[in-house]
Amino acid sequence: MKVGIIGTGLLGKAVATRLLNTGHSVIVYNRTVEKTESLKKLGAKIANSPKNVASESELVITIVKDASAVESVSFGSDGIIHGKHEKLIVSDMSTINPISSRKIAKRYSEYGIPMIDSPVMGGRSLAEKGELVIMIGGKKEVYEKCKSVFDSIANKSFYLGENGSGNAMKLVMNLQISILALSISEGIILARKSGLDPITFLEILNSTYFKTGMSVNKGPKMVKGSFEPSFFLKMMQKDLDEINYTAEKFGANLPFAKLANQLYQRAVKDGMGELDYTGILSYLEKANKLES
């Protein structure tokens with residue numbers, strides 16, 4: 001399939017890179033055109049609008065900040081709908097709430113364009129290796145038409161049901177990640193306050209059933225105060241907004257999600273939004289008058 005990518009941030013760029021490196025024809029668009037330069041060198045065609053991406057693609061993948069951005073690139077004056085043709089499929093890989101996702105899918109259907117939601121687990125390094133996990137919502141037959149593309153960027157795909165199902169599961173997963181980052185952060189702080197080496201805390205944790213990919217791969221970097229972003233803290237906070245909104249709409253009472261959002265909001269307000277999401281440790285250390 002000819003693939004279009006709209007949004008070449010951390011994830012979008014990595015997805016496009018993987019597709020180019022596996023022989024796909026790729027056209028990309030980003031509002032800030034400078035962010036497409038490295039992809040152009042790899043062989044991507046650069047479009048000047050979402051409309052142009054759509055007109056030259058069979059599958060358009062949108063990877064943008066929020067539902068408002070998805071709506072803008074989809075239905076704006078130079079949006080995807082204006083590049084409609086009979087083979088066009090849209091796959092939204094953004095992290096948005098399932099209520100908004102279903103509304104967007106319904107609006108696409110009014111133009112005769114099938115849309116699925118396809119958020120992923122795994123950051124840019126896994127995307128470039130083709131080891132993402134994709135969660136799919138929408139019509140199964142539409143997903144199956146795109147499966148060969150997804151198989152290039154992911155080692156696992158889960159079809160979950162109707163539109164919005166993928167987004168709902170993505171929020172479930174990001175809730176785990178946000179709280180796990182807080183748990184590891186507080187463990188590091190308690191170890192330090194107790195006069196213990198936090199690296200030893202991680203070694204013991206990672207010797208047990210309770211170890212996680214985060215404690216193994218990011219934990220030592222957290223102790224060193226290294227927070228190079230694989231996923232921005234400000235984006236995790238945005239996702240916590242979406243998690244709490246979805247919980248409210250679906251009648252779920254999530255006290256940890258509310259508290260986590262308050263802490264991430266404070267960290268963003270304190271100027272830490274551009275750090276990796278595990279930089280929540282930096283905020284908690286500051287509150288405890290500790291230095292990494």
# chains A, B, ... in the order shown; residues from 1 in each chain; ligands from 1
call {"tool": "residues_around", "arguments": {"residues": "stretch 66-82 of chain A", "least_positions_apart": "6", "cutoff": "7 Å", "atoms": "only C-alpha atoms", "output": "PyMOL selection string"}}
result
chain A and resi 49-51+54+94-96+100
call {"tool": "write_last_selection", "arguments": {"atoms": "N, CA and C atoms", "output": "PDB file, in the first residue's frame"}}
result
ATOM      1  N   SER A  49       0.136  19.530   2.300  1.00  0.00           N
ATOM      2  CA  SER A  49      -1.149  19.563   2.993  1.00  0.00           C
ATOM      3  C   SER A  49      -1.632  18.136   3.257  1.00  0.00           C
ATOM      4  N   PRO A  50      -2.498  17.958   4.248  1.00  0.00           N
ATOM      5  CA  PRO A  50      -3.119  16.642   4.459  1.00  0.00           C
ATOM      6  C   PRO A  50      -3.912  16.173   3.235  1.00  0.00           C
ATOM      7  N   LYS A  51      -4.509  17.116   2.534  1.00  0.00           N
ATOM      8  CA  LYS A  51      -5.243  16.785   1.301  1.00  0.00           C
ATOM      9  C   LYS A  51      -4.334  16.074   0.309  1.00  0.00           C
ATOM     10  N   ALA A  54      -3.515  12.511   1.344  1.00  0.00           N
ATOM     11  CA  ALA A  54      -4.631  11.607   1.084  1.00  0.00           C
ATOM     12  C   ALA A  54      -4.754  11.250  -0.393  1.00  0.00           C
ATOM     13  N   SER A  94      -3.146   8.526  16.896  1.00  0.00           N
ATOM     14  CA  SER A  94      -3.040   9.492  17.991  1.00  0.00           C
ATOM     15  C   SER A  94      -3.648   8.894  19.262  1.00  0.00           C
ATOM     16  N   THR A  95      -3.249   9.440  20.404  1.00  0.00           N
ATOM     17  CA  THR A  95      -3.859   9.033  21.668  1.00  0.00           C
ATOM     18  C   THR A  95      -4.950  10.036  22.019  1.00  0.00           C
ATOM     19  N   ILE A  96      -6.199   9.650  21.766  1.00  0.00           N
ATOM     20  CA  ILE A  96      -7.345  10.490  22.091  1.00  0.00           C
ATOM     21  C   ILE A  96      -8.370   9.625  22.813  1.00  0.00           C
ATOM     22  N   SER A 100     -14.364  10.852  21.462  1.00  0.00           N
ATOM     23  CA  SER A 100     -13.976  11.696  20.331  1.00  0.00           C
ATOM     24  C   SER A 100     -13.657  10.856  19.103  1.00  0.00           C
TER      25      SER A 100
END
call {"tool": "select_by_dssp", "arguments": {"residues": "stretch 63-279 of chain A", "states": "alpha helix (DSSP H)", "output": "VMD selection string"}}
result
chain A and resid 67 to 75 98 to 110 124 to 129 140 to 153 165 to 193 198 to 205 213 219 to 224 233 to 250 255 to 267
call {"tool": "residues_around", "arguments": {"residues": "stretch 221-236 of chain A", "least_positions_apart": "2", "cutoff": "8 Å", "atoms": "only C-alpha atoms", "output": "JSON, numbers by chain"}}
result
{"A": [10, 123, 124, 174, 178, 185, 188, 198, 199, 217, 218, 219, 238, 239, 240, 264, 268, 272, 273, 274, 275, 276, 277, 278, 279, 280, 281, 282, 292]}
call {"tool": "write_last_selection", "arguments": {"atoms": "N, CA and C atoms", "output": "compact mmCIF listing (two decimals), in the first residue's frame"}}
result
# COMPACT_ATOMS: atom_id res chain seq x y z
N LEU A 10 7.92 12.56 17.52
CA LEU A 10 8.76 11.43 17.92
C LEU A 10 8.28 10.12 17.33
N GLY A 123 7.79 3.13 22.12
CA GLY A 123 8.24 4.43 21.64
C GLY A 123 8.97 4.34 20.32
N ARG A 124 9.75 5.38 20.04
CA ARG A 124 10.37 5.49 18.72
C ARG A 124 11.36 4.37 18.43
N ASN A 174 -1.84 3.55 29.24
CA ASN A 174 -1.09 4.72 29.69
C ASN A 174 -1.35 5.04 31.15
N SER A 178 1.75 5.71 33.73
CA SER A 178 1.87 6.93 34.53
C SER A 178 2.01 6.60 36.01
N SER A 185 9.43 6.19 41.09
CA SER A 185 9.97 7.46 41.59
C SER A 185 9.92 7.51 43.11
N ILE A 188 12.54 5.25 44.67
CA ILE A 188 13.88 5.86 44.62
C ILE A 188 14.02 6.89 45.73
N PRO A 198 19.73 3.91 45.76
CA PRO A 198 18.57 3.59 44.93
C PRO A 198 18.88 2.59 43.82
N ILE A 199 20.14 2.51 43.39
CA ILE A 199 20.51 1.50 42.39
C ILE A 199 20.35 0.10 42.99
N ASN A 217 14.83 -0.79 32.29
CA ASN A 217 15.41 0.05 31.24
C ASN A 217 15.48 1.53 31.59
N LYS A 218 14.50 2.01 32.32
CA LYS A 218 14.48 3.45 32.63
C LYS A 218 14.90 3.75 34.07
N GLY A 219 14.74 2.77 34.96
CA GLY A 219 15.06 3.00 36.37
C GLY A 219 16.46 3.55 36.60
N LYS A 238 -1.37 15.16 29.29
CA LYS A 238 -2.52 15.29 28.39
C LYS A 238 -3.32 13.99 28.35
N ASP A 239 -2.62 12.86 28.33
CA ASP A 239 -3.30 11.57 28.31
C ASP A 239 -4.05 11.31 29.61
N LEU A 240 -3.52 11.80 30.72
CA LEU A 240 -4.23 11.66 31.99
C LEU A 240 -5.51 12.50 32.00
N TYR A 264 1.24 15.23 37.70
CA TYR A 264 1.81 15.54 36.39
C TYR A 264 1.49 16.99 35.98
N VAL A 268 4.32 19.81 35.01
CA VAL A 268 4.28 20.62 33.78
C VAL A 268 4.33 22.10 34.13
N MET A 272 8.61 21.18 33.62
CA MET A 272 9.21 19.89 33.34
C MET A 272 8.53 19.13 32.21
N GLY A 273 7.67 19.80 31.47
CA GLY A 273 6.89 19.14 30.44
C GLY A 273 7.69 18.55 29.30
N GLU A 274 8.89 19.11 29.03
CA GLU A 274 9.71 18.63 27.92
C GLU A 274 10.60 17.45 28.33
N LEU A 275 10.59 17.07 29.60
CA LEU A 275 11.33 15.89 30.03
C LEU A 275 10.59 14.63 29.61
N ASP A 276 11.28 13.50 29.68
CA ASP A 276 10.61 12.21 29.56
C ASP A 276 9.57 12.12 30.67
N TYR A 277 8.54 11.30 30.44
CA TYR A 277 7.48 11.19 31.46
C TYR A 277 8.03 10.70 32.80
N THR A 278 9.14 9.93 32.78
CA THR A 278 9.74 9.49 34.05
C THR A 278 10.39 10.64 34.80
N GLY A 279 10.46 11.81 34.16
CA GLY A 279 10.94 13.01 34.83
C GLY A 279 10.01 13.47 35.95
N ILE A 280 8.89 12.78 36.11
CA ILE A 280 8.04 13.04 37.29
C ILE A 280 8.86 12.86 38.57
N LEU A 281 9.90 12.01 38.49
CA LEU A 281 10.81 11.86 39.63
C LEU A 281 11.45 13.19 39.98
N SER A 282 11.84 13.95 38.98
CA SER A 282 12.51 15.23 39.22
C SER A 282 11.59 16.16 40.01
N SER A 292 19.12 14.55 42.16
CA SER A 292 19.53 13.27 41.55
C SER A 292 21.04 13.12 41.68
call {"tool": "closest_residue", "arguments": {"among": "A:Ser38, A:Arg192, A:Asn155, A:Tyr143", "to": "A:Leu290", "atoms": "only C-alpha atoms"}}
result
A:Arg192
call {"tool": "closest_residue", "arguments": {"among": "A:Ser57, A:Glu37, A:Leu19, A:Ile63", "to": "A:Gly4", "atoms": "only C-alpha atoms"}}
result
A:Ser57
call {"tool": "closest_residue", "arguments": {"among": "A:Ser91, A:Thr62, A:Asn253, A:Ser55", "to": "A:Pro114", "atoms": "only C-alpha atoms"}}
result
A:Ser91
call {"tool": "decode", "arguments": {"residues": "stretch 134-168 of chain A", "atoms": "C-alpha atoms", "output": "short mmCIF file (atom, residue, chain, number, x, y, z; two decimals), in the first residue's frame"}}
result
data_model
loop_
_atom_site.label_atom_id
_atom_site.label_comp_id
_atom_site.auth_asym_id
_atom_site.auth_seq_id
_atom_site.Cartn_x
_atom_site.Cartn_y
_atom_site.Cartn_z
CA ILE A 134 -0.97 -1.97 17.92
CA MET A 135 -4.51 -1.82 19.33
CA ILE A 136 -7.23 -1.63 16.68
CA GLY A 137 -10.79 -0.31 16.80
CA GLY A 138 -13.13 -0.19 13.81
CA LYS A 139 -14.40 -2.55 11.15
CA LYS A 140 -12.34 -5.73 11.03
CA GLU A 141 -12.34 -5.92 7.25
CA VAL A 142 -10.82 -2.43 7.08
CA TYR A 143 -8.10 -3.42 9.55
CA GLU A 144 -7.31 -6.54 7.51
CA LYS A 145 -6.71 -4.41 4.41
CA CYS A 146 -4.05 -2.48 6.35
CA LYS A 147 -2.52 -5.43 8.20
CA SER A 148 0.53 -5.76 5.96
CA VAL A 149 1.51 -2.18 6.82
CA PHE A 150 0.93 -2.72 10.54
CA ASP A 151 2.97 -5.92 10.42
CA SER A 152 5.94 -3.85 9.22
CA ILE A 153 5.92 -1.65 12.32
CA ALA A 154 4.58 -4.03 14.98
CA ASN A 155 5.21 -7.54 16.21
CA LYS A 156 1.73 -7.79 17.70
CA SER A 157 -1.66 -6.39 16.71
CA PHE A 158 -4.85 -6.72 18.74
CA TYR A 159 -8.24 -6.23 17.08
CA LEU A 160 -10.54 -5.04 19.87
CA GLY A 161 -13.89 -4.21 18.29
CA GLU A 162 -15.79 -1.07 17.28
CA ASN A 163 -14.30 2.36 16.67
CA GLY A 164 -12.81 3.83 19.82
CA SER A 165 -11.86 0.43 21.27
CA GLY A 166 -8.20 0.89 20.42
CA ASN A 167 -8.17 4.34 22.01
CA ALA A 168 -9.89 3.06 25.15
#
